[in-house]
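What follows is the content of entry_11.cif (mmCIF, C-alpha atoms and all ligand atoms).
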data_structure
loop_
_atom_site.label_atom_id
_atom_site.label_comp_id
_atom_site.auth_asym_id
_atom_site.auth_seq_id
_atom_site.Cartn_x
_atom_site.Cartn_y
_atom_site.Cartn_z
CA MET A 1 -5.03 -31.03 -10.23
CA LYS A 2 -4.61 -28.95 -7.07
CA LYS A 3 -3.86 -25.26 -6.89
CA VAL A 4 -3.08 -22.98 -3.99
CA VAL A 5 -4.25 -19.43 -4.55
CA LYS A 6 -2.93 -16.55 -2.49
CA PHE A 7 -4.56 -13.13 -2.75
CA GLY A 8 -2.74 -9.97 -1.71
CA GLY A 9 -4.23 -7.10 0.27
CA SER A 10 -5.24 -4.95 -2.69
CA SER A 11 -7.16 -7.95 -4.12
CA LEU A 12 -9.22 -8.06 -0.91
CA ALA A 13 -9.53 -4.41 0.01
CA SER A 14 -13.29 -4.10 -0.59
CA SER A 15 -16.37 -6.19 -1.35
CA GLU A 16 -15.92 -5.37 -5.06
CA GLN A 17 -12.45 -6.88 -4.93
CA PHE A 18 -13.76 -9.89 -2.99
CA LYS A 19 -16.29 -10.48 -5.75
CA LYS A 20 -13.53 -10.56 -8.37
CA VAL A 21 -11.64 -13.04 -6.20
CA GLY A 22 -14.75 -15.21 -5.76
CA LYS A 23 -15.22 -15.31 -9.53
CA ILE A 24 -11.61 -16.35 -10.06
CA ILE A 25 -11.85 -19.17 -7.50
CA ARG A 26 -15.17 -20.45 -8.75
CA ALA A 27 -13.94 -20.46 -12.35
CA ASP A 28 -11.55 -23.34 -11.63
CA GLU A 29 -12.38 -26.13 -9.23
CA SER A 30 -8.72 -27.01 -8.74
CA ARG A 31 -8.36 -23.71 -6.84
CA MET A 32 -8.98 -25.52 -3.57
CA PHE A 33 -6.70 -23.86 -1.04
CA VAL A 34 -7.04 -20.14 -0.50
CA VAL A 35 -4.55 -17.97 1.39
CA PRO A 36 -5.77 -14.40 1.96
CA SER A 37 -3.84 -11.33 3.13
CA ALA A 38 -5.50 -8.66 5.27
CA PRO A 39 -7.49 -5.97 3.42
CA GLY A 40 -5.07 -3.58 1.76
CA LYS A 41 -5.48 -0.09 0.37
CA ARG A 42 -8.70 0.76 -1.46
CA PHE A 43 -7.20 3.94 -2.93
CA SER A 44 -3.69 5.36 -2.98
CA ASN A 45 -3.67 7.20 0.36
CA ASP A 46 -5.78 4.63 2.20
CA THR A 47 -4.30 2.65 5.13
CA LYS A 48 -3.80 -1.11 5.10
CA VAL A 49 -5.65 -2.96 7.87
CA THR A 50 -2.30 -4.41 9.05
CA ASP A 51 -0.96 -0.88 9.59
CA MET A 52 -4.17 0.12 11.37
CA LEU A 53 -3.71 -2.85 13.70
CA TYR A 54 -0.09 -1.99 14.44
CA SER A 55 -1.05 1.56 15.28
CA CYS A 56 -4.06 0.51 17.36
CA TYR A 57 -1.97 -1.94 19.36
CA GLY A 58 0.72 0.74 19.76
CA ALA A 59 -1.92 2.89 21.49
CA ALA A 60 -2.98 -0.06 23.66
CA ILE A 61 0.52 -0.69 24.97
CA ARG A 62 1.03 3.00 25.69
CA GLU A 63 -2.23 2.77 27.65
CA LYS A 64 -3.89 5.28 25.33
CA LYS A 65 -7.43 4.95 24.01
CA PHE A 66 -7.51 2.31 21.31
CA VAL A 67 -11.13 1.17 21.13
CA GLU A 68 -12.09 3.78 18.57
CA GLN A 69 -9.33 2.64 16.25
CA LEU A 70 -10.44 -0.95 16.70
CA ASP A 71 -14.00 0.07 15.81
CA GLU A 72 -12.69 1.65 12.62
CA ILE A 73 -11.05 -1.65 11.72
CA HIS A 74 -14.29 -3.48 12.50
CA ALA A 75 -16.08 -1.07 10.17
CA ARG A 76 -13.69 -1.98 7.34
CA TYR A 77 -14.69 -5.63 7.67
CA GLN A 78 -18.36 -4.86 8.14
CA GLU A 79 -18.36 -2.92 4.88
CA ILE A 80 -17.01 -5.98 3.10
CA ILE A 81 -19.46 -8.33 4.83
CA ASP A 82 -22.42 -6.09 3.96
CA GLY A 83 -21.23 -5.61 0.39
CA LEU A 84 -21.12 -9.37 -0.04
CA GLY A 85 -24.56 -9.82 1.53
CA LEU A 86 -23.25 -12.18 4.22
CA THR A 87 -24.84 -12.67 7.64
CA LEU A 88 -21.50 -13.29 9.34
CA SER A 89 -20.89 -11.37 12.56
CA LEU A 90 -17.38 -10.56 13.82
CA GLU A 91 -18.74 -9.02 17.05
CA LYS A 92 -17.38 -11.82 19.27
CA ASP A 93 -13.99 -11.83 17.56
CA PHE A 94 -13.60 -8.10 18.13
CA GLU A 95 -14.54 -8.53 21.77
CA ILE A 96 -11.76 -11.07 22.21
CA ILE A 97 -9.30 -8.87 20.32
CA ARG A 98 -10.21 -5.91 22.54
CA GLU A 99 -9.56 -7.96 25.68
CA ASN A 100 -6.28 -9.30 24.33
CA PHE A 101 -5.12 -5.80 23.36
CA SER A 102 -5.86 -4.61 26.90
CA LYS A 103 -3.75 -7.50 28.19
CA LYS A 104 -0.96 -6.40 25.81
CA ILE A 105 -0.80 -9.86 24.37
CA GLY A 106 1.79 -9.08 21.66
CA ARG A 107 2.43 -7.08 18.52
CA ASP A 108 2.47 -10.13 16.27
CA TYR A 109 -0.91 -11.25 17.58
CA ALA A 110 -2.25 -7.77 16.86
CA ALA A 111 -1.00 -7.71 13.27
CA SER A 112 -2.15 -11.27 12.59
CA ARG A 113 -5.81 -10.40 13.23
CA GLY A 114 -5.97 -8.74 9.82
CA GLU A 115 -5.47 -12.05 8.05
CA TYR A 116 -7.40 -14.04 10.65
CA LEU A 117 -10.57 -11.99 10.21
CA ASN A 118 -10.23 -11.75 6.45
CA GLY A 119 -9.87 -15.53 6.34
CA LYS A 120 -13.15 -15.87 8.21
CA VAL A 121 -14.93 -13.55 5.80
CA MET A 122 -13.43 -15.33 2.80
CA ALA A 123 -14.41 -18.79 4.09
CA ALA A 124 -17.98 -17.65 4.70
CA TYR A 125 -18.16 -16.09 1.24
CA LEU A 126 -16.82 -19.17 -0.55
CA GLY A 127 -18.48 -21.79 1.67
CA PHE A 128 -15.00 -23.20 2.38
CA GLU A 129 -13.62 -24.50 5.65
CA PHE A 130 -11.73 -21.93 7.78
CA ILE A 131 -8.46 -23.14 9.29
CA ASP A 132 -6.75 -20.90 11.83
CA ALA A 133 -3.10 -20.63 10.77
CA ALA A 134 -2.11 -20.80 14.45
CA GLU A 135 -3.02 -24.50 14.32
CA VAL A 136 -0.98 -25.39 11.26
CA ILE A 137 1.91 -22.93 10.82
CA ARG A 138 4.41 -23.70 13.57
CA PHE A 139 7.20 -21.58 15.03
CA HIS A 140 9.77 -22.62 17.63
CA ASP A 141 9.49 -21.03 21.05
CA ASP A 142 12.33 -18.66 20.08
CA HIS A 143 10.05 -17.55 17.20
CA THR A 144 12.16 -19.01 14.41
CA PHE A 145 10.13 -20.90 11.83
CA ASP A 146 9.65 -24.66 12.27
CA GLU A 147 9.58 -25.98 8.73
CA ASP A 148 9.22 -29.69 9.50
CA ALA A 149 6.42 -29.40 12.04
CA THR A 150 4.53 -27.02 9.75
CA ASN A 151 4.72 -29.38 6.83
CA VAL A 152 3.40 -32.31 8.87
CA LEU A 153 0.60 -30.26 10.45
CA LEU A 154 -0.53 -28.71 7.18
CA ALA A 155 -0.39 -31.95 5.21
CA GLU A 156 -2.38 -33.82 7.84
CA ARG A 157 -5.00 -31.09 8.26
CA LEU A 158 -5.53 -30.54 4.54
CA LYS A 159 -5.34 -34.08 3.27
CA ASP A 160 -9.09 -34.65 2.84
CA SER A 161 -10.10 -31.06 2.36
CA LYS A 162 -11.97 -30.07 -0.79
CA GLY A 163 -11.83 -26.37 -0.07
CA ALA A 164 -10.08 -24.50 2.73
CA VAL A 165 -9.10 -20.96 3.64
CA ILE A 166 -5.85 -20.62 5.58
CA PRO A 167 -5.06 -17.01 6.52
CA GLY A 168 -1.58 -15.84 5.55
CA PHE A 169 1.22 -14.10 7.45
CA TYR A 170 1.07 -15.82 10.85
CA GLY A 171 1.28 -19.02 12.82
CA ALA A 172 1.99 -19.88 16.43
CA ALA A 173 4.74 -21.24 18.62
CA GLU A 174 4.18 -24.49 20.47
CA ASN A 175 3.24 -22.53 23.59
CA GLY A 176 0.42 -20.85 21.65
CA THR A 177 2.02 -17.42 21.16
CA VAL A 178 1.06 -15.98 17.79
CA VAL A 179 4.07 -15.20 15.59
CA THR A 180 4.11 -13.49 12.19
CA PHE A 181 6.50 -13.70 9.28
CA SER A 182 8.04 -10.41 8.17
CA ARG A 183 5.85 -7.96 6.21
CA GLY A 184 4.36 -9.39 3.05
CA GLY A 185 4.58 -12.83 4.65
CA SER A 186 1.30 -14.20 3.30
CA ASP A 187 3.33 -15.11 0.21
CA VAL A 188 5.30 -17.45 2.45
CA THR A 189 2.16 -19.08 3.85
CA GLY A 190 0.93 -19.73 0.30
CA SER A 191 4.19 -21.39 -0.57
CA LEU A 192 4.11 -23.59 2.56
CA VAL A 193 0.56 -24.70 1.84
CA ALA A 194 1.51 -25.51 -1.77
CA LEU A 195 4.40 -27.65 -0.54
CA ALA A 196 2.28 -29.48 2.04
CA VAL A 197 -0.58 -30.38 -0.31
CA LYS A 198 1.85 -31.12 -3.17
CA ALA A 199 0.07 -28.61 -5.35
CA ASP A 200 0.53 -28.55 -9.09
CA LEU A 201 0.66 -24.78 -9.11
CA TYR A 202 0.92 -21.90 -6.64
CA GLU A 203 -1.01 -18.93 -7.99
CA ASN A 204 -0.10 -15.65 -6.37
CA TRP A 205 -2.75 -13.04 -7.22
CA THR A 206 -1.81 -9.39 -6.91
CA ASP A 207 -2.49 -6.09 -8.66
CA VAL A 208 0.06 -6.35 -11.47
CA SER A 209 0.20 -8.78 -14.38
CA GLY A 210 3.44 -10.37 -13.25
CA PHE A 211 7.01 -9.18 -13.21
CA LEU A 212 7.96 -6.42 -15.55
CA ILE A 213 11.19 -6.40 -17.53
CA ALA A 214 12.17 -3.10 -15.94
CA ASP A 215 10.95 -0.82 -13.17
CA PRO A 216 7.85 1.06 -14.43
CA ARG A 217 8.92 4.12 -12.43
CA ILE A 218 11.94 4.36 -14.72
CA VAL A 219 10.80 2.85 -18.02
CA LYS A 220 7.41 3.80 -19.40
CA ASN A 221 5.03 0.82 -19.83
CA PRO A 222 7.64 -1.91 -19.70
CA LYS A 223 6.66 -5.30 -21.07
CA SER A 224 6.02 -8.14 -18.64
CA ILE A 225 8.06 -11.30 -18.26
CA GLU A 226 6.21 -14.45 -19.36
CA THR A 227 8.52 -17.07 -17.84
CA ILE A 228 11.38 -16.63 -15.42
CA THR A 229 13.53 -19.19 -13.62
CA TYR A 230 14.05 -19.14 -9.86
CA LYS A 231 17.72 -18.30 -10.42
CA GLU A 232 16.92 -15.32 -12.62
CA LEU A 233 14.36 -14.13 -10.13
CA ARG A 234 16.91 -14.34 -7.34
CA GLU A 235 19.30 -12.15 -9.33
CA LEU A 236 16.62 -9.58 -10.08
CA SER A 237 15.24 -9.52 -6.54
CA TYR A 238 18.70 -9.06 -5.13
CA MET A 239 18.90 -5.91 -7.21
CA GLY A 240 15.66 -4.56 -5.90
CA ALA A 241 12.89 -5.92 -8.11
CA SER A 242 10.19 -7.05 -5.73
CA VAL A 243 6.76 -8.56 -6.18
CA LEU A 244 7.10 -11.62 -4.02
CA HIS A 245 8.44 -12.16 -0.48
CA GLU A 246 11.93 -13.71 -0.78
CA ASP A 247 11.19 -16.55 1.64
CA ALA A 248 8.26 -17.65 -0.50
CA ILE A 249 10.55 -19.10 -3.12
CA PHE A 250 12.35 -21.82 -1.20
CA PRO A 251 9.49 -24.20 -0.20
CA VAL A 252 7.96 -24.45 -3.66
CA ARG A 253 11.27 -24.45 -5.48
CA LYS A 254 12.38 -27.43 -3.44
CA ALA A 255 9.27 -29.32 -4.53
CA GLY A 256 9.40 -28.23 -8.17
CA ILE A 257 6.08 -26.37 -7.94
CA PRO A 258 5.84 -23.39 -10.29
CA ILE A 259 4.51 -20.05 -9.10
CA ASN A 260 2.22 -18.05 -11.33
CA ILE A 261 1.95 -14.34 -10.54
CA ARG A 262 -1.49 -13.17 -11.69
CA ASN A 263 -3.50 -9.97 -11.68
CA THR A 264 -6.87 -10.02 -9.87
CA ASN A 265 -7.94 -6.94 -11.85
CA ALA A 266 -7.00 -8.52 -15.19
CA PRO A 267 -7.54 -12.26 -14.74
CA GLU A 268 -7.33 -12.88 -18.47
CA ASP A 269 -3.63 -11.93 -18.44
CA LYS A 270 -1.33 -14.92 -18.14
CA GLY A 271 1.03 -13.18 -15.73
CA THR A 272 4.50 -14.48 -15.01
CA LEU A 273 5.34 -18.14 -14.52
CA ILE A 274 8.29 -18.81 -12.20
CA VAL A 275 9.87 -22.19 -12.82
CA GLU A 276 12.92 -24.20 -11.83
CA GLY A 277 14.00 -24.74 -15.43
CA THR A 278 12.54 -24.31 -18.88
CA CYS A 279 13.57 -24.87 -22.45
CA ARG A 280 11.32 -21.98 -23.48
CA GLN A 281 13.65 -19.29 -24.70
CA PRO A 282 12.75 -15.83 -23.50
CA LYS A 283 11.28 -13.50 -26.10
CA TYR A 284 14.22 -11.16 -25.74
CA THR A 285 17.88 -11.95 -25.05
CA ILE A 286 17.41 -10.65 -21.55
CA THR A 287 14.73 -11.61 -19.06
CA GLY A 288 14.90 -8.48 -16.94
CA ILE A 289 16.85 -5.45 -15.79
CA ALA A 290 16.99 -4.28 -12.18
CA GLY A 291 19.19 -1.89 -10.30
CA THR A 292 19.85 -0.41 -6.91
CA ASP A 293 21.26 2.86 -5.90
CA GLY A 294 23.27 3.81 -2.85
CA PHE A 295 26.55 1.92 -3.15
CA ALA A 296 30.06 3.06 -2.28
CA SER A 297 33.32 1.54 -3.47
CA VAL A 298 36.71 1.16 -1.85
CA THR A 299 39.53 0.59 -4.33
CA ILE A 300 42.78 -0.68 -2.89
CA GLU A 301 46.02 -0.53 -4.85
CA LYS A 302 49.19 -2.32 -3.98
CA ALA A 303 52.02 -3.37 -6.26
CA MET A 304 52.37 -7.17 -6.50
CA MET A 305 49.24 -7.78 -4.44
CA ASN A 306 48.39 -10.83 -6.54
CA SER A 307 51.47 -12.68 -5.32
CA GLU A 308 50.83 -11.92 -1.67
CA ILE A 309 49.12 -14.96 -0.20
CA GLY A 310 46.18 -14.13 2.07
CA PHE A 311 45.88 -10.55 0.80
CA CYS A 312 42.17 -10.73 -0.03
CA ARG A 313 41.36 -12.57 3.17
CA LYS A 314 42.99 -9.85 5.26
CA VAL A 315 41.07 -7.11 3.46
CA LEU A 316 37.77 -8.97 3.81
CA GLN A 317 38.48 -9.58 7.48
CA VAL A 318 38.56 -5.83 8.07
CA PHE A 319 35.05 -5.51 6.62
CA GLU A 320 33.83 -8.50 8.60
CA ASP A 321 35.28 -7.14 11.83
CA ASN A 322 33.30 -3.95 11.23
CA ASP A 323 30.13 -5.88 10.46
CA ILE A 324 29.85 -4.63 6.90
CA SER A 325 28.55 -6.91 4.18
CA ILE A 326 30.32 -6.89 0.84
CA GLU A 327 28.20 -6.76 -2.27
CA HIS A 328 30.70 -7.16 -5.11
CA MET A 329 34.42 -7.43 -5.47
CA PRO A 330 35.86 -6.92 -8.94
CA SER A 331 39.66 -7.03 -9.07
CA GLY A 332 42.59 -6.16 -11.32
CA ILE A 333 46.26 -7.22 -11.19
CA ASP A 334 47.31 -4.81 -8.48
CA THR A 335 43.91 -3.47 -7.46
CA MET A 336 40.78 -4.75 -5.85
CA THR A 337 37.52 -2.91 -5.39
CA ILE A 338 34.96 -3.62 -2.75
CA PHE A 339 31.37 -2.51 -3.25
CA VAL A 340 29.37 -1.92 -0.09
CA HIS A 341 26.07 -0.32 0.84
CA LYS A 342 26.79 3.34 1.43
CA ASP A 343 24.48 3.60 4.46
CA GLU A 344 26.17 0.70 6.19
CA PHE A 345 29.66 1.86 5.33
CA GLU A 346 29.54 5.59 5.99
CA GLU A 347 29.49 5.33 9.77
CA LYS A 348 32.40 2.95 9.95
CA GLU A 349 34.41 4.34 7.06
CA GLN A 350 37.37 5.58 9.09
CA GLN A 351 37.66 2.38 11.12
CA VAL A 352 37.71 0.36 7.91
CA LEU A 353 40.36 2.55 6.31
CA ALA A 354 42.54 2.40 9.40
CA GLY A 355 42.10 -1.37 9.51
CA ILE A 356 43.13 -1.78 5.86
CA HIS A 357 46.21 0.42 6.35
CA LYS A 358 47.21 -1.55 9.37
CA THR A 359 46.77 -5.03 7.95
CA ILE A 360 47.98 -4.82 4.36
CA ASN A 361 49.83 -1.52 4.04
CA PRO A 362 48.39 -0.49 0.64
CA ASP A 363 50.00 1.94 -1.82
CA HIS A 364 46.76 3.82 -2.29
CA ILE A 365 43.09 3.69 -1.32
CA GLU A 366 40.36 5.46 -3.24
CA LEU A 367 36.79 5.91 -2.09
CA GLU A 368 33.84 6.64 -4.27
CA SER A 369 30.21 7.06 -3.29
CA ASP A 370 26.89 7.61 -5.09
CA LEU A 371 27.23 4.56 -7.21
CA ALA A 372 24.46 2.39 -8.59
CA LEU A 373 24.58 -1.22 -9.71
CA ILE A 374 22.46 -2.54 -12.55
CA ALA A 375 21.95 -6.23 -13.27
CA ILE A 376 21.08 -7.35 -16.77
CA VAL A 377 19.72 -10.84 -16.24
CA GLY A 378 18.76 -13.57 -18.68
CA ARG A 379 19.16 -17.28 -19.27
CA GLY A 380 19.12 -16.44 -22.98
CA MET A 381 22.50 -14.70 -22.67
CA ARG A 382 24.36 -17.98 -22.57
CA ALA A 383 23.28 -18.85 -26.09
CA THR A 384 23.71 -15.39 -27.57
CA ARG A 385 26.93 -13.81 -28.67
CA GLY A 386 27.60 -10.13 -28.21
CA THR A 387 25.35 -9.39 -25.22
CA ALA A 388 28.15 -7.61 -23.38
CA GLY A 389 29.01 -5.71 -26.57
CA ARG A 390 25.42 -4.50 -26.87
CA ILE A 391 25.28 -3.45 -23.24
CA PHE A 392 28.37 -1.33 -23.50
CA SER A 393 27.53 0.20 -26.84
CA ALA A 394 24.06 1.14 -25.52
CA LEU A 395 25.63 2.78 -22.50
CA ALA A 396 28.31 4.50 -24.57
CA HIS A 397 25.66 5.92 -26.92
CA ALA A 398 23.84 7.29 -23.90
CA HIS A 399 27.12 8.93 -22.76
CA ILE A 400 27.27 6.80 -19.64
CA ASN A 401 30.59 5.90 -18.12
CA VAL A 402 30.76 2.34 -16.79
CA LYS A 403 32.59 2.23 -13.47
CA MET A 404 32.51 -1.52 -12.93
CA ILE A 405 31.68 -4.72 -14.80
CA ASP A 406 30.99 -8.07 -13.24
CA GLN A 407 29.83 -11.14 -15.13
CA GLY A 408 28.97 -14.16 -13.03
CA SER A 409 30.36 -17.46 -14.30
CA SER A 410 26.82 -18.73 -14.78
CA GLU A 411 26.49 -16.27 -17.68
CA LEU A 412 23.09 -15.50 -16.26
CA ASN A 413 23.80 -11.90 -15.53
CA ILE A 414 26.08 -8.99 -16.16
CA ILE A 415 26.31 -6.33 -13.51
CA VAL A 416 27.48 -2.84 -14.33
CA GLY A 417 28.26 -0.05 -11.91
CA VAL A 418 27.43 3.51 -12.94
CA ARG A 419 27.24 6.87 -11.23
CA HIS A 420 24.01 7.65 -9.40
CA ASP A 421 23.21 10.44 -11.89
CA ASP A 422 23.39 8.00 -14.79
CA PHE A 423 21.31 5.29 -13.11
CA LYS A 424 17.92 5.87 -14.70
CA ASN A 425 19.28 6.73 -18.13
CA ALA A 426 21.37 3.59 -18.10
CA ILE A 427 18.31 1.43 -17.41
CA ARG A 428 16.35 3.19 -20.14
CA ALA A 429 19.20 2.72 -22.64
CA LEU A 430 19.43 -0.99 -21.82
CA TYR A 431 15.68 -1.49 -22.10
CA GLU A 432 15.71 0.32 -25.41
CA ILE A 433 18.41 -1.82 -26.97
CA PHE A 434 17.19 -5.21 -25.73
CA VAL A 435 13.44 -4.80 -25.79
CA VAL A 436 12.32 -1.85 -27.89
CA THR A 437 14.69 -2.32 -30.82
CA GLN A 438 15.12 -6.04 -30.01
CA ILE A 439 18.51 -6.42 -31.61
N1 LIG A 501 -0.79 -8.07 5.81
C1 LIG A 501 0.62 -8.26 5.95
C2 LIG A 501 1.37 -7.03 5.47
O1 LIG A 501 0.76 -6.02 5.19
C3 LIG A 501 1.10 -9.50 5.29
C4 LIG A 501 0.78 -9.65 3.83
O2 LIG A 501 0.01 -8.89 3.27
O3 LIG A 501 1.37 -10.53 3.20
O4 LIG A 501 2.57 -7.05 5.41
#
So that I can check it, write out the structure of this file as structure tokens.
Amino acid sequence: MKKVVKFGGSSLASSEQFKKVGKIIRADESRMFVVPSAPGKRFSNDTKVTDMLYSCYGAAIREKKFVEQLDEIHARYQEIIDGLGLTLSLEKDFEIIRENFSKKIGRDYAASRGEYLNGKVMAAYLGFEFIDAAEVIRFHDDHTFDEDATNVLLAERLKDSKGAVIPGFYGAAENGTVVTFSRGGSDVTGSLVALAVKADLYENWTDVSGFLIADPRIVKNPKSIETITYKELRELSYMGASVLHEDAIFPVRKAGIPINIRNTNAPEDKGTLIVEGTCRQPKYTITGIAGTDGFASVTIEKAMMNSEIGFCRKVLQVFEDNDISIEHMPSGIDTMTIFVHKDEFEEKEQQVLAGIHKTINPDHIELESDLALIAIVGRGMRATRGTAGRIFSALAHAHINVKMIDQGSSELNIIVGVRHDDFKNAIRALYEIFVVTQI
């Protein structure tokens, strides 16, 4: 059995956190490949080391004093090293970083040092081998990710390893330039390592016990999700639920490796298992509820539009020409509605309207803003009658007017559009009916 374990920044923010991580790794000898993030926040208004590095490098390229800031970062690591009782010295590493910052070597290089140094500390603490991600995570010279080369390099390098630390978030192009993934990218590294070593499980350790059925900022103490499929997760993440970097899903999904989201501060909790498929029915009819605010809708009316060939294409072309992505498109007999992100649309609103008038000569166009979309997601819906009925009666009881309904043909989700002011109450009403009263 082989496991890849990735630890997020809050799991590695201090020596106390490192000790919890060490205990977790030592408790299971199949936890052989460790992917650390940079130290995160120790308390709510603390600064993540990655952000400190960005700001320090920002000073360096503006030719302002940056050495003090770098010393502060060094102190963060030293505190961890001392707390763990290690003899490791990062003096030389910081010297090199200081020189490279003076040479303005690159923003990605700067940010990557957070993971690089934390990887060194972690390897020393565990007695594992340290592998610089620049040697095994490969980017093309245009800085796009090179999936094939990475897989070969990682597999080769790790094939005989019994315990290795590979820092997350970065790699390097063939010419040696350090390149990072987007923020939160250590999740991606973990997934790539899991694919390369053909791991049985990818454990992603963070500070929550998995995904929650609903956003805890809206619903008080929501229950967590025990098992979720990749498809369900995709639907929920699209609507704003986020625990994991989106690009972390693809490599492990392709190889059928499950991801287990676990809590470093509560290792006894089982967390959430993300799988390709499962015959385990979810505890509730729905797996999760997620929503996003900030949509606008454009409703176009034209008599006999359904018999006009190419009508939809022409409308969509107008949005494409204005570089606006379309989120949803429910339609009626003589109407179609396009949901777009309000921020993206607002600036180009008049061009879009003029374009629609010109190309399809509508009878009427109506605009609405301040809309929210809520997705009710669950593989259990397929086998249960009356889910839609329950959704709408819950919303009706909460005096919420439904502006739009969209059920995907997979029967995996139902999306409803409501007014911004009803957004939170709608989510609470849905949680109440599906989870609290469990009918
Ligand atoms: N340290 C990086 C960030 O703060 C990457 C990561 O934590 O995954 O985004």
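Environment of ligand LIG 501 (chain A), defined as every protein or nucleic acid residue with an atom within 6 Å of it and counting all atoms listed in the file, comprises Gly8, Gly9, Ser37, Ala38, Thr50, Phe169, Arg183, Gly184, Gly185, Ser186 and Asp187 of chain A.
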I need the residues from that last selection saved to file as a JSON list (two decimals), in the coordinates of the input (with C-alpha atoms), if you can.
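File again27.json, as written:
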[["chain", "number", "residue", "atom", "x", "y", "z"],
["A", 8, "GLY", "CA", -2.74, -9.97, -1.71],
["A", 9, "GLY", "CA", -4.23, -7.10, 0.27],
["A", 37, "SER", "CA", -3.84, -11.33, 3.13],
["A", 38, "ALA", "CA", -5.50, -8.66, 5.27],
["A", 50, "THR", "CA", -2.30, -4.41, 9.05],
["A", 169, "PHE", "CA", 1.22, -14.10, 7.45],
["A", 183, "ARG", "CA", 5.85, -7.96, 6.21],
["A", 184, "GLY", "CA", 4.36, -9.39, 3.05],
["A", 185, "GLY", "CA", 4.58, -12.83, 4.65],
["A", 186, "SER", "CA", 1.30, -14.20, 3.30],
["A", 187, "ASP", "CA", 3.33, -15.11, 0.21]]
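Take the candidates A:Val178, A:Leu117, A:Ile391, A:Val435 and check each one against Ile414 (chain A) using all atoms listed in the file; the shortest distance goes to A:Ile391.
Closest to Arg313 (chain A) among A:Ser297, A:Ile249, A:Ile356, A:Ile274 is A:Ile356, based on only C-alpha atoms.
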**Request:** Identify, on the basis of all atoms listed in the file, every residue whose closest approach to Glu79 (chain A) does not exceed 8 Å; exclude the query and any residue fewer than 3 positions from it along the same chain; express the result as a PyMOL selection string.
**Result:** chain A and resi 14-15+75-76+82-83
**Request:** Find the residues near Gly256 (chain A): any atom within 9 Å, counting only C-alpha atoms, skip ones fewer than 6 places away on the same chain, and give them as a list in words.
**Result:** Asp200, Val275 and Glu276 of chain A
Write the residues of the selection above to a file with C-alpha atoms, as a JSON list (two decimals), keeping the file's coordinate frame.
[["chain", "number", "residue", "atom", "x", "y", "z"],
["A", 200, "ASP", "CA", 0.53, -28.55, -9.09],
["A", 275, "VAL", "CA", 9.87, -22.19, -12.82],
["A", 276, "GLU", "CA", 12.92, -24.20, -11.83]]
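Between CA of Val416 (chain A) and CA of Ile374 (chain A) lies a distance of 5.3 Å.
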**Message:** When you look at Gly288 (chain A) with a cut-off of 8 Å (counting only C-alpha atoms), what residues show up, excluding the ones that are within fewer than 4 positions of it in the same chain? I need them as a ChimeraX atom specification.
**Reply:** /A:212-214,225,236,376-378
**Request:** For CA of Lys348 (chain A) and CA of Asn306 (chain A), quote the distance in Å rounded to one decimal.
**Result:** 26.8 Å
**Request:** Neighbourhood query: residues within 10 Å of (45.5, -3.0, -7.4), file coordinates, counting all atoms listed in the file; return as a VMD selection string.
**Result:** chain A and resid 299 to 306 331 to 337 362 to 365
**Message:** I'd like the contact shell of Phe392 (chain A) - 12 Å cut-off, only C-alpha atoms, skipping same-chain residues fewer than 3 positions apart - returned as number ranges by chain.
**Reply:** A: 376, 386-389, 395-405, 414-418, 426, 429-430, 433
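Note that CA of Lys3 (chain A) and CA of Ala196 (chain A) are 11.6 Å apart.
Distances here use all atoms listed in the file; by that measure, the residue among A:Leu373, A:Ile360, A:Val21, A:Ala296 closest to Tyr238 (chain A) is A:Leu373.
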**Asked** From the set A:Ala110, A:Val208, A:Val136, A:Ala59, which residue has the shortest atom-to-atom contact distance to Gly271 (chain A), counting only C-alpha atoms?
**Response** A:Val208
Pull N, CA, C and O atoms for region 142-146 of chain A from the block and write them as a CSV table (one decimal), in the first residue's frame.
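See selection_8.csv below for the written result:
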chain,number,residue,atom,x,y,z
A,142,ASP,N,7.3,27.7,-22.5
A,142,ASP,CA,6.3,28.8,-22.4
A,142,ASP,C,5.5,28.8,-21.1
A,142,ASP,O,4.5,29.4,-21.0
A,143,HIS,N,6.0,28.0,-20.2
A,143,HIS,CA,5.5,27.9,-18.8
A,143,HIS,C,4.1,27.2,-18.7
A,143,HIS,O,3.5,27.2,-17.7
A,144,THR,N,3.7,26.5,-19.8
A,144,THR,CA,2.5,25.6,-19.6
A,144,THR,C,3.1,24.3,-19.1
A,144,THR,O,4.2,23.9,-19.2
A,145,PHE,N,2.2,23.6,-18.4
A,145,PHE,CA,2.6,22.4,-17.7
A,145,PHE,C,2.9,21.2,-18.7
A,145,PHE,O,2.1,21.0,-19.6
A,146,ASP,N,4.0,20.5,-18.4
A,146,ASP,CA,4.3,19.3,-19.3
A,146,ASP,C,4.0,18.0,-18.5
A,146,ASP,O,4.8,17.5,-17.7
